[in-house]
There are 2 protein chains.
Amino acid sequence: MYELKDILYASSIAVVGASGKPGKMGHTLLSNIIEGGFEGAIYPINPKEETLLGLSCYKTLCDVDGPIDLIVVCVPAKFVPGTLREAGEKGVKGAIIISGGFREIGNEELEKEVADIAGEYGIRIIGPNCQGVNYTANKMCATWPVVKTQGAIGLVTQSGTIGAEIELLAEKEGIGVTCFAALGNKLDVTEVDFINFFVEDPNVKVIALNIEGIAENSGFVEAVKEAAKKKPVVVLKPGRTAQGQIAIASHTKSIAGNDELFTVFCKKYGIIRANDITEMYDACKLAAMMPKPANNKLLVMTSSGGSGILATDTAAENGVEISPLPDFITQPLADVLPDQCVIKNPMDVTGDATADRYGAAAEVICENIDKLGYGTLLMIFGDPIPGAAQVVAGIKNLGQISLMVSYLGGGTVQEKEVDEMQALGVPSFPTPERAVKALSHLLVTK
Amino acid sequence: MYELKDILYASSIAVVGASGKPGKMGHTLLSNIIEGGFEGAIYPINPKEETLLGLSCYKTLCDVDGPIDLIVVCVPAKFVPGTLREAGEKGVKGAIIISGGFREIGNEELEKEVADIAGEYGIRIIGPNCQGVNYTANKMCATWPVVKTQGAIGLVTQSGTIGAEIELLAEKEGIGVTCFAALGNKLDVTEVDFINFFVEDPNVKVIALNIEGIAENSGFVEAVKEAAKKKPVVVLKPGRTAQGQIAIASHTKSIAGNDELFTVFCKKYGIIRANDITEMYDACKLAAMMPKPANNKLLVMTSSGGSGILATDTAAENGVEISPLPDFITQPLADVLPDQCVIKNPMDVTGDATADRYGAAAEVICENIDKLGYGTLLMIFGDPIPGAAQVVAGIKNLGQISLMVSYLGGGTVQEKEVDEMQALGVPSFPTPERAVKALSHLLVTK
């Protein structure tokens with residue numbers, strides 16, 4: 001029996017049903033594997049073509065001279081068993097079956113036949129009826145869309161679209177993912193295989209799951225419990241409402257299960273339960289960029305009093321403590337801040353604050369961090385404030401406190417500064433509420 | 001006594017304390033009024049300069065030959081009373097006082113002096129200690145940042161930064177605002193003046209408020225009640241928690257008031273209560289782009305089953321009904337959809353859906369809309385799906401149902417299609433949860 005790592009670290013791939021026609025699955029997959037920068041051998045398989053996208057095309061798998069580790073299958077369902085048998089004879093280790101037309105439309109028998117052949121040859125299967133896999137550490141984009149930025153998020157998802165959105169957001173912010181895997185019918189490889197792989201994968205800092213149900217005896221509960229001891233785990237599991245559970249049943253025939261039980265389970269084992277796509281992304285991003293802070297005490301420094309209040313409400317509602325600033329620090333801060341500043345928590349450096357004013361205050365904080373006892377510093381920049389990123393970089397290098405940013409109301413200056421901050425490894429969020437919510441999520445992890 | 005409209009429709013503006021040095025308030029304001037495209041006369045006032053940013057500069061207000069409707073004041077606080085007296089003699093109708101250094105730092109007396117002079121001459125005051133006003137219908141950007149896109153959102157805000165963020169988001173999506181007003185110390189003009197103005201302003205379709213407290217006898221409660229009968233009103237009022245209320249007291253010395261009372265008040269009068277900046281923006285955007293649907297029944301059409309489930313959970317939690325698809329429509333839909341589609345609500349047109357498949361199904365829906373009884377159709381596009389905007393435009397022209405879109409997982413294709421949809425007047429949201437939440441907000445309005 002081959003293993004998941006044989007798929008993810010394939011050094012040669014054949015696309016069965018490769019096509020030259022844009023819009024066809026066999027074109028999308030071949031094209032994306034090439035565009036994704038895969039460095040091993042790529043073999044398009046199509047009996048009717050000589051070359052495809054600049055590569056020599058082969059009539060069958062057996063016509064390929066060298067070894068083939070992985071096949072990506074795009075042919076109609078009825079041709080899949082034959083393809084797999086041929087793959088078995090060829091010594092293929094894994095198959096990603098993109099093609100639909102199996103269990104999801106009632107063809108249980110055909111799916112069983114595929115499973116039997118795979119079992120016979122020890123081939124591992126992802127899918128069928130799936131959106132495939134992107135493993136950036138091997139530059140293997142056997143899916144869509146093309147996302148190339150390597151990062152620390154290990155993502156396995158029931159919904160291809162939800163996963164793709166997370167992956168695209170991560171790419172847009174320069175964070176990237178280690179892996180995107182959309183599992184489809186899960187004939188063989190399940191979330192459990194990926195979770196276990198991600199736990200050991202040094203590229204992965206945070207494990208992200210979108211699931212619709214938990215199959216009996218699947219080992220999911222044990223795997224996720226163990227994983228959460230080692231790395232932050234973020235779960236987006238819809239079906240919180242009766243209506244949502246009905247929708248799940250008609251989508252993947254999964255049983256959503258009792259939502260309250262799942263909530264209790266997550267709480268007990270320090271698993272982050274995201275309520276929506278935005279929360280899922282924000283939690284993944286923060287966990288990928290920042291270790292869990294030493295405690296739940298948060299110091300907020302802001303040029304926007306209103307934003308500080310929004311942060312305060314969100315903190316109070318989510319178990320983050322905006323604890324009062326100790327008296328001993330008032331004078332040292334007053335020495336570096338103008339009179340109109342409010343030296344409390346939130347600390348209001350007021351609307352005319354420059355980046356340097358933030359820097360001066362943050363330096364005083366960091367020099368006294370042991371006595372102050374804050375685990376996290378959230379710097380909220382309202383208005384353009386050029387130079388913010390450079391100041392943040394200086395603070396980050398002091399290294400005594402977990403540093404987060406929220407930047408808003410700053411237009412084009414903001415876009416540039418945020419890009420710089422993200423590149424420096426400082427997580428930046430578009431609203432104070434999203435920043436604090438993400439922090440509250442990271443704090444529940446073990 | 002002059003009126004707020006004399007400020008907003010000023011045809012001549014003097015910037016007192018105008019400066020040629022970037023970074024100075026007097027530079028920012030002068031520069032932004034010019035860049036905003038103001039079409040009336042602009043007079044920089046600075047005794048030390050001959051010209052500023054290409055305009056003739058004047059030593060005093062009285063040196064200007066023509067009339068001056070509005071002054072924007074950027075001089076230090078101690079010079080403000082003298083400036084106002086001169087303005088009164090000159091016949092100025094309104095003043096936006098950007099300068100700080102009044103009540104907010106304990107200078108109650110100076111603020112009182114300014115109020116007395118303004119009262120003597122009938123000059124209306126916005127501020128002091130404020131971020132100013134952008135009234136796009138008069139191309140008057142007496143604030144920062146520069147936002148020029150005209151739109152249907154009338155925004156008055158305690159926090160300049162929160163307001164600026166809403167304004168920037170609206171500009172980025174091509175929606176724009178009618179007005180942004182950040183009130184500062186509210187010596188004279190308050191939210192009430194703006195609310196009453198927005199109710200009558202034909203440019204404004206939705207009134208957006210960020211407030212921290214409700215002053216006694218301010219008329220706020222009456223004004224907002226009356227406004228909500230005529231136009232959707234969205235309120236972001238932090239201070240939901242005890243900690244948030246303390247932060248408010250130290251920011252604007254406002255009394256946040258009992259949050260539960262405010263929630264009940266909003267509910268009774270159909271006022272939208274946004275919990276965070278994102279909800280505020282989404283509610284404003286939807287109300288600006290779509291009239292209130294006929295009822296709370298929502299039909300979801302999606303290529304992403306997982307996204308449909310997220311929409312379903314959010315709907316069930318927020319009073320939106322995803323009611324079952326009536327039987328009579330099953331066959332007509334089956335006639336235009338492939339076998340693998342799930343003809344229910346949510347309707348899953350499945351992952352290989354093209355824009356045309358959405359169009360065919362939506363056409364069947366729209367032809368039968370009276371019998372189906374749905375108030376809103378939410379089309380969720382997962383994956384790239386080129387041509388989606390054109391199909392959506394066709395559906396919109398059928399005009400029988402409120403139409404919303406959520407588009408995700410589509411990368412660069414998505415960006416192009418979403419821009420097109422927004423330009424066509426179809427509101428598009430980046431996640432299904434945000435779309436449904438915004439709909440639930442619009443449904444509470446009268």
# chains A, B, ... in the order shown; residues from 1 in each chain; ligands from 1

$ residues_around --residues "Lys237 (chain A)" --least-positions-apart "6" --cutoff "12 Å" --atoms "only C-alpha atoms" --output "short mmCIF file (atom, residue, chain, number, x, y, z; two decimals) with C-alpha atoms, in the first residue's frame"
data_model
loop_
_atom_site.label_atom_id
_atom_site.label_comp_id
_atom_site.auth_asym_id
_atom_site.auth_seq_id
_atom_site.Cartn_x
_atom_site.Cartn_y
_atom_site.Cartn_z
CA THR A 157 -11.64 20.82 2.50
CA GLN A 158 -14.93 19.21 1.62
CA SER A 159 -15.92 22.20 -0.49
CA ILE A 162 -14.43 27.35 0.16
CA ALA A 208 -7.33 24.06 8.43
CA LEU A 209 -10.37 21.84 7.90
CA ASN A 210 -13.70 22.38 6.19
CA ILE A 211 -15.90 19.41 6.96
CA GLU A 212 -19.62 18.73 6.63
CA GLY A 213 -19.90 15.62 8.74
CA ILE A 214 -17.86 13.17 10.77
CA GLY A 244 -28.07 23.83 7.44
CA GLN A 245 -28.05 20.15 8.40
CA ILE A 248 -25.60 19.13 4.14
CA SER A 254 -23.11 13.45 5.39
CA ILE A 255 -24.65 13.48 8.83
CA ALA A 256 -23.74 16.87 10.32
CA GLY A 257 -24.20 15.51 13.84
CA ASN A 258 -25.15 17.39 16.97
CA ASP A 259 -23.64 20.82 16.71
CA GLU A 260 -23.49 21.45 20.43
CA PHE A 262 -19.01 19.41 18.33
CA THR A 263 -18.71 22.82 19.98
CA CYS A 266 -13.61 21.81 20.09
CA ILE A 271 -9.65 23.35 18.44
CA ILE A 272 -10.56 26.66 16.82
CA ARG A 273 -14.16 26.64 15.60
CA ALA A 274 -14.61 29.25 12.87
CA ASN A 275 -18.14 30.37 12.15
CA ASP A 276 -17.63 31.60 8.64
CA ILE A 277 -15.11 31.81 5.82
CA GLU A 279 -13.11 33.84 10.55
CA MET A 280 -11.51 30.71 9.12
CA GLY B 306 -20.57 24.01 0.66
CA SER B 307 -21.26 27.71 0.12
CA ILE B 309 -24.82 25.36 3.34
CA LEU B 310 -23.01 28.36 4.82
CA ASP B 313 -26.91 28.46 8.40
#

$ residues_around --residues "Met301 (chain A)" --least-positions-apart "2" --cutoff "8 Å" --atoms "only C-alpha atoms" --output "list of chain:residue names"
A:Leu299, A:Ser303, A:Gly308, A:Asn345, A:Pro346, A:Met347, A:Asp348, A:Val349, A:Tyr358, A:Leu377, A:Leu378, A:Met379, A:Ile380

$ write_last_selection --atoms "C-alpha atoms" --output "compact mmCIF listing (two decimals), in the first residue's frame"
# COMPACT_ATOMS: atom_id res chain seq x y z
CA LEU A 299 -2.74 46.17 24.99
CA SER A 303 -4.81 56.71 16.63
CA GLY A 308 -10.16 51.25 20.05
CA ASN A 345 -5.78 50.81 27.60
CA PRO A 346 -6.80 51.34 24.81
CA MET A 347 -4.03 53.91 24.49
CA ASP A 348 -5.19 56.71 22.23
CA VAL A 349 -2.21 58.35 20.51
CA TYR A 358 3.65 54.95 17.79
CA LEU A 377 0.18 44.39 21.45
CA LEU A 378 -2.41 45.44 18.84
CA MET A 379 -1.41 48.59 16.97
CA ILE A 380 -4.39 50.16 15.20

$ residues_around --residues "Thr136 (chain B)" --least-positions-apart "4" --cutoff "6 Å" --atoms "only C-alpha atoms" --output "PyMOL selection string"
chain B and resi 140+150+178

$ atom_distance --atom1 "CA of Asp188 (chain B)" --atom2 "CA of Ile98 (chain B)"
13.8 Å

$ closest_residue --among "A:Glu50, A:Glu39, A:Glu226, A:Asp352" --to "Gly20 (chain A)" --atoms "only C-alpha atoms"
A:Glu50

$ residues_around --residues "Val426 (chain B)" --least-positions-apart "5" --cutoff "9 Å" --atoms "only C-alpha atoms" --output "list in words"
Met289, Met290, Ala389, Val392, Ala393, Lys396, Leu403, Met404, Val405, Val418, Glu420 and Met421 of chain B

$ residues_around --residues "Ala182 (chain A)" --least-positions-apart "5" --cutoff "9 Å" --atoms "only C-alpha atoms" --output "list in words"
Ile126, Gly127, Cys130, Gln131, Gly132, Val133, Thr143, Leu155, Val156, Thr157, Gln158, Ser159, Gly160, Thr161, Gly163 and Ala164 of chain A

$ atom_distance --atom1 "CA of Asp339 (chain A)" --atom2 "CA of Asp370 (chain A)"
26.3 Å

$ select_by_dssp --residues "region 29-253 of chain B" --states "helix (DSSP H, G or I)" --output "PyMOL selection string"
chain B and resi 29-35+61-63+77-90+103-105+108-121+136-138+160-172+191-200+220-230+242-252

$ atom_distance --atom1 "CA of Lys112 (chain A)" --atom2 "CA of Thr28 (chain A)"
27.1 Å

$ closest_residue --among "A:Phe328, A:Phe38, A:Tyr281, A:Tyr43" --to "Tyr58 (chain A)" --atoms "only C-alpha atoms"
A:Tyr43

$ closest_residue --among "B:Pro238, B:Ile97, B:Val233, B:Lys292" --to "Glu433 (chain A)" --atoms "only C-alpha atoms"
B:Pro238

$ residues_around --residues "Gly100 (chain B)" --least-positions-apart "2" --cutoff "7 Å" --atoms "only C-alpha atoms" --output "list in words"
Ala77, Ile98, Phe102, Pro128 and Asn129 of chain B

$ decode --residues "region 196-208 of chain A" --atoms "all heavy atoms" --output "short mmCIF file (atom, residue, chain, number, x, y, z; two decimals), in the first residue's frame"
data_model
loop_
_atom_site.label_atom_id
_atom_site.label_comp_id
_atom_site.auth_asym_id
_atom_site.auth_seq_id
_atom_site.Cartn_x
_atom_site.Cartn_y
_atom_site.Cartn_z
N ASN A 196 -3.02 13.67 9.69
CA ASN A 196 -1.84 12.97 10.18
C ASN A 196 -0.57 13.40 9.42
O ASN A 196 0.50 13.54 10.01
CB ASN A 196 -2.03 11.46 10.09
CG ASN A 196 -3.09 10.98 11.07
OD1 ASN A 196 -3.38 11.66 12.07
ND2 ASN A 196 -3.70 9.84 10.78
N PHE A 197 -0.74 13.61 8.12
CA PHE A 197 0.40 14.08 7.33
C PHE A 197 0.82 15.48 7.75
O PHE A 197 2.01 15.76 7.94
CB PHE A 197 0.03 14.05 5.84
CG PHE A 197 1.14 14.48 4.94
CD1 PHE A 197 2.12 13.58 4.51
CD2 PHE A 197 1.26 15.81 4.53
CE1 PHE A 197 3.17 13.98 3.70
CE2 PHE A 197 2.30 16.22 3.72
CZ PHE A 197 3.25 15.31 3.30
N PHE A 198 -0.17 16.37 7.92
CA PHE A 198 0.12 17.77 8.28
C PHE A 198 0.82 17.87 9.65
O PHE A 198 1.66 18.74 9.87
CB PHE A 198 -1.16 18.61 8.32
CG PHE A 198 -1.79 18.86 6.96
CD1 PHE A 198 -3.15 19.15 6.87
CD2 PHE A 198 -1.05 18.82 5.79
CE1 PHE A 198 -3.74 19.40 5.64
CE2 PHE A 198 -1.64 19.06 4.55
CZ PHE A 198 -3.00 19.35 4.48
N VAL A 199 0.44 17.00 10.56
CA VAL A 199 1.06 17.04 11.90
C VAL A 199 2.57 16.85 11.78
O VAL A 199 3.35 17.53 12.46
CB VAL A 199 0.45 15.96 12.81
CG1 VAL A 199 1.28 15.79 14.08
CG2 VAL A 199 -0.99 16.31 13.18
N GLU A 200 2.99 15.98 10.88
CA GLU A 200 4.42 15.68 10.71
C GLU A 200 5.11 16.61 9.72
O GLU A 200 6.34 16.67 9.68
CB GLU A 200 4.61 14.23 10.24
CG GLU A 200 4.01 13.18 11.16
CD GLU A 200 4.60 13.22 12.57
OE1 GLU A 200 5.79 13.60 12.70
OE2 GLU A 200 3.86 12.90 13.53
N ASP A 201 4.34 17.29 8.90
CA ASP A 201 4.92 18.10 7.82
C ASP A 201 5.52 19.38 8.39
O ASP A 201 4.81 20.24 8.92
CB ASP A 201 3.82 18.45 6.80
CG ASP A 201 4.35 19.17 5.57
OD1 ASP A 201 5.46 19.73 5.63
OD2 ASP A 201 3.64 19.19 4.55
N PRO A 202 6.85 19.55 8.28
CA PRO A 202 7.47 20.75 8.88
C PRO A 202 7.05 22.05 8.19
O PRO A 202 7.21 23.12 8.76
CB PRO A 202 8.97 20.49 8.69
CG PRO A 202 9.06 19.49 7.60
CD PRO A 202 7.82 18.66 7.65
N ASN A 203 6.51 21.96 6.97
CA ASN A 203 6.05 23.16 6.28
C ASN A 203 4.77 23.73 6.91
O ASN A 203 4.47 24.91 6.77
CB ASN A 203 5.76 22.86 4.81
CG ASN A 203 6.97 22.30 4.09
OD1 ASN A 203 8.01 22.94 4.04
ND2 ASN A 203 6.85 21.08 3.58
N VAL A 204 3.99 22.86 7.55
CA VAL A 204 2.66 23.25 8.04
C VAL A 204 2.76 23.78 9.47
O VAL A 204 3.25 23.09 10.36
CB VAL A 204 1.70 22.03 7.98
CG1 VAL A 204 0.39 22.34 8.71
CG2 VAL A 204 1.44 21.62 6.54
N LYS A 205 2.25 25.00 9.68
CA LYS A 205 2.17 25.54 11.04
C LYS A 205 0.75 25.51 11.58
O LYS A 205 0.53 25.57 12.78
CB LYS A 205 2.66 26.99 11.05
CG LYS A 205 4.16 27.14 10.98
CD LYS A 205 4.53 28.60 11.29
CE LYS A 205 5.97 28.88 10.92
NZ LYS A 205 6.20 30.32 10.79
N VAL A 206 -0.23 25.51 10.67
CA VAL A 206 -1.63 25.49 11.11
C VAL A 206 -2.43 24.58 10.18
O VAL A 206 -2.22 24.57 8.97
CB VAL A 206 -2.23 26.92 11.16
CG1 VAL A 206 -1.93 27.70 9.90
CG2 VAL A 206 -3.74 26.90 11.41
N ILE A 207 -3.30 23.77 10.78
CA ILE A 207 -4.11 22.81 10.03
C ILE A 207 -5.52 23.37 9.91
O ILE A 207 -6.14 23.73 10.91
CB ILE A 207 -4.13 21.45 10.75
CG1 ILE A 207 -2.69 20.90 10.84
CG2 ILE A 207 -5.06 20.47 10.06
CD1 ILE A 207 -2.55 19.65 11.71
N ALA A 208 -6.01 23.47 8.66
CA ALA A 208 -7.33 24.06 8.43
C ALA A 208 -8.25 23.03 7.79
O ALA A 208 -7.89 22.40 6.80
CB ALA A 208 -7.19 25.27 7.52
#
